[in-house]
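Enquirer: Below you'll find the structure I mean.
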Amino acid sequence: MLRNKHHLFLILALSALATAMINFNLTKAIIFDGYLTNPALVSGNPYYLELVNESSKGNWQLGSPFIKEWRNSPYLYPALNFHLPGMIKSFFDLSIKSTLILLDYGAVFVLLASTLAFFLVLFKFNYFGYVAAFAYIFFPFRTIEWSRTINPQVSFIPFALFLLFYFSNFRFWIRELGMAFLTGFLFYIYPYYWTFALVLLGLSDLWEWAVVKKIIWKHLLKYLLIGLVASQYFLNFWEITRLPYYRETVMRIGFLYSRWPAGLYTQAAIVFVLLLFFLFKKYILERQPLNLEKSVNFKQLCIGLAASLLVLNQQLITGVQMEFNSHYFPIALIFMVAMTWGMALVFLSKLELRNQFLRLFGFLLAFGFLYYGFYWYTRENPYRMPERYPSQDQLEVYDWFNQNQIRDAVVYSPVELNDGILLLTNNYLYFHGSQELHLMPTEEIIDRFTYYDLFNSNLTDRLAEEQVQVFGHTFQSAWQKDQVLGKIRSFLSRKPFVPATLESYTAYDFEPMRRIRMRPDFSEFAGHLKKYNVDYLVYRHRDGNTLYQEVPGQIVFENDGYIIKKFFMNN
């Protein structure tokens with residue numbers, strides 16, 4: 001019991017210290033730069049914050065956080081990871097900024113503690129578990145930073161709990177029921193986690209059956225519980241697959257019809273670690289036998305690496321690749337790091353150098369925290385970058401909506417105000433570039449985009465380059481995959497690589513749209529505003545003498561940067 005309390009204290013203390021390091025610049029901004037007095041949201045991804053904000057309004061569908069008419073349509077993505085912080089925001093009546101700061105500290109602390117816990121269980125409460133955990137937490141080439149707390153970081157907490165049960169020595173039914181419930185729960189959290197968890201469980205059971213040469217029927221009961229917990233997810237999935245625009249939506253978010261291998265660099269790293277382990281086992285362990293199970297369960301790690309290869313190659317069977325494959329990398333990295341440090345533990349134990357190494361690691365850990373703090377102190381601080389903050393003119397626009405208690409209205413606004421309109425005023429938009437990630441006919445997205453921010457020349461002159469706002473990854477995913485394959489072919493053939501352009505992959509002609517935007521028709525524009533239930537126009541002051549001035553309505557606000565006009569055709 002004393003030993004467990006000691007580990008608990010270490011986990012909490014180290015998690016708190018690591019959280020402070022990760023949020024070093026945020027803490028400085030709060031204490032020294034008055035960050036709390038400015039409504040700007042410097043950290044966090046606006047897209048995820050917008051989903052949390054919409055959830056806090058009591059919208060459990062989350063069909064869209066941007067478009068009012070689509071907010072109650074069925075969700076495409078599992079939404080529980082947004083509902084949890086949304087409920088916290090609603091229950092405590094927090095601003096979206098306060099919610100984000102709470103997650104920056106609270107969620108990061110919990111996910112780091114969860115990570116330390118399952119690594120410690122994996123290493124059977126050997127102090128080497130802390131070594132492996134911090135090697136993973138501060139791995140220099142992570143594709144997703146811990147500080148991006150909303151998703152998938154919040155989502156990682158239940159996945160870490162799943163791994164805690166998976167690596168544990170709990171009694172059979174406690175372990176099985178824990179893994180089953182958490183796997184079912186992950187269906188509502190993040191697709192990359194539940195797909196991996198299912199494959200990991202399946203491979204683990206197949207291994208156990210192969211060892212005893214028979215099916216262990218009680219193992220199958222957990223899959224019934226998984227199906228029961230995830231039943232609402234399957235009902236929603238059945239509902240949305242019947243929608244006529246389901247197929248085009250999933251193509252926009254990155255479902256690529258391809259059988260090419262995915263995550264080639266990740267797969268190469270996995271194969272290298274597996275090869276290293278088998279060489280280690282053959283040429284070191286067989287000559288100097290050791291009881292591996294006393295240090296770390298290498299069988300579970302091998303199964304985890306095999307599961308990583310399987311999820312990265314499922315398209316060889318299904319013909320459908322789920323973008324982005326890089327989101328599997330943080331999962332595979334868990335098993336690669338654990339395998340590498342597990343071998344180091346066995347090797348050092350044999351040489352009786354483990355205790356000396358742990359002392360050295362303690363010193364290096366203290367030095368690492370100091371170095372990491374110095375690194376964050378001296379690097380460019382996002383909280384001191386003026387471009388991250390809204391201008392005074394923009395703040396006055398948001399203030400007008402708030403002071404006049406305008407809520408749930410539909411606003412036509414320029415691109416630079418979109419996220420602020422959503423997050424700081426709790427209104428909706430005529431168009432947002434991330435709507436392509438949600439269920440909606442592509443035809444409507446094109447229609448809205450045609451008259452979006454009409455006099456933004458940067459947009460009009462670069463429509464093909466901005467196609468992700470309309471088509472998402474429909475063309476981009478195929479282009480990116482061929483870029484990687486082209487580089488590999490070039491390396492193998494020693495021929496120069498000539499990259500293709502995204503435009504060459506784009507099966508859509510933007511020229512008619514450009515002509516409309518260059519010479520917009522007033523009646524068509526006004527018809528769009530009426531069609532999509534626009535209540536307010538917000539436009540740049542420099543565009544005040546354009547077609548915007550002809551729109552019927554009353555100017556209710558004006559400053560040096562922007563004009564707000566109440567649109568009369570819908571009022």
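Chain lettering (A, B, ...) mirrors the order of the structure tokens, residue numbering begins at 1 for each chain separately, and ligand numbering begins at 1 in order of display.
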Just want the 9 Å neighbourhood of stretch 268-284 of chain A, counted on only C-alpha atoms, with same-chain residues fewer than 6 positions away dropped. Output as a PyMOL selection string.

Expert: chain A and resi 302+305-306+308-309+332-333+335-336+339-340+343+347

Enquirer: For A:Gly58, work out the shell of residues within 12 Å, counting only C-alpha atoms and skipping chain neighbours fewer than 2 positions away, then give it as number ranges by chain.

Expert: A: 51-56, 60-62, 65, 71-72, 82-84, 86-91

Enquirer: Give me, as a Markdown table, each residue of stretch 236-339 of chain A that comes within 10 Å of stretch 160-182 of chain A, together with its shortest interatomic pair and the distance in Å at one decimal, counting only C-alpha atoms, with rows ordered by chain and rising residue number.

Expert:
| residue | atom | partner | partner_atom | distance |
| --- | --- | --- | --- | --- |
| A:Val296 | CA | A:Phe167 | CA | 9.6 |
| A:Asn297 | CA | A:Phe167 | CA | 8.1 |
| A:Gln300 | CA | A:Phe167 | CA | 7.7 |
| A:Leu301 | CA | A:Phe167 | CA | 9.5 |

Enquirer: Using only C-alpha atoms, which residue out of A:Glu558, A:Glu248, A:Glu208, A:Asp461 lies closest to A:Phe475?

Expert: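 Closest candidate: A:Glu248.
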
Enquirer: From the set A:Val250, A:Ile226, A:Val538, A:Val311, which residue has the shortest atom-to-atom contact distance to A:Tyr193, counting only C-alpha atoms?

Expert: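 Looking at the shortest contact to A:Tyr193, the residue is A:Val311.
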
Enquirer: Let's see if you can do this: from backbone DSSP, list all alpha helix (DSSP H) residues in stretch 58-225 of chain A, as number ranges by chain.

Expert: A: 80-91, 96-102, 108-122, 128-137, 154-167, 172-186, 191-212, 221-225

Enquirer: For A:Asn4, find every residue with an atom within 12 Å (counting only C-alpha atoms), except residues of its own chain fewer than 6 positions away, and show them as a JSON list (two decimals) with all heavy atoms, in the first residue's frame.

Expert:
[["chain", "number", "residue", "atom", "x", "y", "z"],
["A", 10, "LEU", "N", 4.23, 10.41, -6.91],
["A", 10, "LEU", "CA", 5.15, 10.72, -8.00],
["A", 10, "LEU", "C", 4.40, 11.07, -9.28],
["A", 10, "LEU", "O", 4.75, 12.01, -9.98],
["A", 10, "LEU", "CB", 6.08, 9.52, -8.25],
["A", 10, "LEU", "CG", 7.39, 9.49, -7.47],
["A", 10, "LEU", "CD1", 8.17, 8.23, -7.80],
["A", 10, "LEU", "CD2", 8.23, 10.72, -7.80],
["A", 11, "ILE", "N", 3.36, 10.30, -9.58],
["A", 11, "ILE", "CA", 2.58, 10.55, -10.80],
["A", 11, "ILE", "C", 1.97, 11.95, -10.74],
["A", 11, "ILE", "O", 2.05, 12.71, -11.71],
["A", 11, "ILE", "CB", 1.48, 9.48, -10.97],
["A", 11, "ILE", "CG1", 2.10, 8.14, -11.38],
["A", 11, "ILE", "CG2", 0.44, 9.92, -12.00],
["A", 11, "ILE", "CD1", 1.12, 6.99, -11.40],
["A", 117, "ALA", "N", 0.48, 6.66, -15.64],
["A", 117, "ALA", "CA", -0.09, 5.51, -14.95],
["A", 117, "ALA", "C", -0.01, 4.25, -15.80],
["A", 117, "ALA", "O", 0.41, 3.19, -15.33],
["A", 117, "ALA", "CB", -1.54, 5.80, -14.55],
["A", 120, "LEU", "N", 3.50, 2.99, -16.19],
["A", 120, "LEU", "CA", 3.98, 2.38, -14.95],
["A", 120, "LEU", "C", 3.41, 0.97, -14.78],
["A", 120, "LEU", "O", 4.12, 0.04, -14.37],
["A", 120, "LEU", "CB", 3.59, 3.26, -13.76],
["A", 120, "LEU", "CG", 4.27, 2.96, -12.44],
["A", 120, "LEU", "CD1", 5.77, 3.13, -12.55],
["A", 120, "LEU", "CD2", 3.72, 3.87, -11.35],
["A", 121, "VAL", "N", 2.12, 0.81, -15.13],
["A", 121, "VAL", "CA", 1.51, -0.53, -15.07],
["A", 121, "VAL", "C", 2.17, -1.45, -16.08],
["A", 121, "VAL", "O", 2.45, -2.62, -15.80],
["A", 121, "VAL", "CB", 0.00, -0.42, -15.31],
["A", 121, "VAL", "CG1", -0.62, -1.80, -15.51],
["A", 121, "VAL", "CG2", -0.68, 0.28, -14.13],
["A", 124, "LYS", "N", 5.22, -2.84, -14.87],
["A", 124, "LYS", "CA", 5.01, -3.57, -13.61],
["A", 124, "LYS", "C", 5.56, -2.79, -12.41],
["A", 124, "LYS", "O", 6.24, -3.34, -11.54],
["A", 124, "LYS", "CB", 5.63, -4.96, -13.70],
["A", 124, "LYS", "CG", 5.06, -5.78, -14.86],
["A", 124, "LYS", "CD", 5.60, -7.18, -14.87],
["A", 124, "LYS", "CE", 5.11, -7.94, -16.10],
["A", 124, "LYS", "NZ", 3.66, -8.01, -16.23],
["A", 125, "PHE", "N", 5.26, -1.50, -12.38],
["A", 125, "PHE", "CA", 5.63, -0.58, -11.31],
["A", 125, "PHE", "C", 7.13, -0.47, -11.10],
["A", 125, "PHE", "O", 7.60, -0.08, -10.04],
["A", 125, "PHE", "CB", 4.93, -0.97, -10.00],
["A", 125, "PHE", "CG", 3.44, -0.76, -10.06],
["A", 125, "PHE", "CD1", 2.59, -1.80, -10.46],
["A", 125, "PHE", "CD2", 2.88, 0.47, -9.75],
["A", 125, "PHE", "CE1", 1.22, -1.60, -10.53],
["A", 125, "PHE", "CE2", 1.52, 0.67, -9.82],
["A", 125, "PHE", "CZ", 0.68, -0.37, -10.21],
["A", 126, "ASN", "N", 7.88, -0.80, -12.14],
["A", 126, "ASN", "CA", 9.32, -0.55, -12.12],
["A", 126, "ASN", "C", 9.54, 0.93, -12.44],
["A", 126, "ASN", "O", 8.85, 1.49, -13.28],
["A", 126, "ASN", "CB", 10.01, -1.44, -13.16],
["A", 126, "ASN", "CG", 11.52, -1.38, -13.04],
["A", 126, "ASN", "OD1", 12.13, -0.35, -13.24],
["A", 126, "ASN", "ND2", 12.12, -2.53, -12.72]]

Enquirer: Using Å and a single decimal, report how far atom CA of A:Leu264 sits from atom CA of A:Leu485.

Expert: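 These atoms are spaced 9.3 Å apart.
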
Enquirer: Given the choices A:Lys299, A:Arg517, A:His473, A:His327, which gets closest to A:Phe196 if the distance is worked out from only C-alpha atoms?

Expert: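 Checking each of A:Lys299, A:Arg517, A:His473, A:His327 against A:Phe196, counting only C-alpha atoms, the winner is A:His327.
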
Enquirer: Can you tell me, as a list in words, what residues are no more than 9 Å from stretch 382-391 of chain A when counting only C-alpha atoms, ignoring any on the same chain fewer than 5 positions away?

Expert: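 Everything that qualifies: Asn25, Leu26, Lys28, Ala29, Asp33, Tyr35, Asn38, Pro39, Ala40, Leu41, Val42, Ser43, Glu396, Glu416, Leu417 and Gly420 of chain A.
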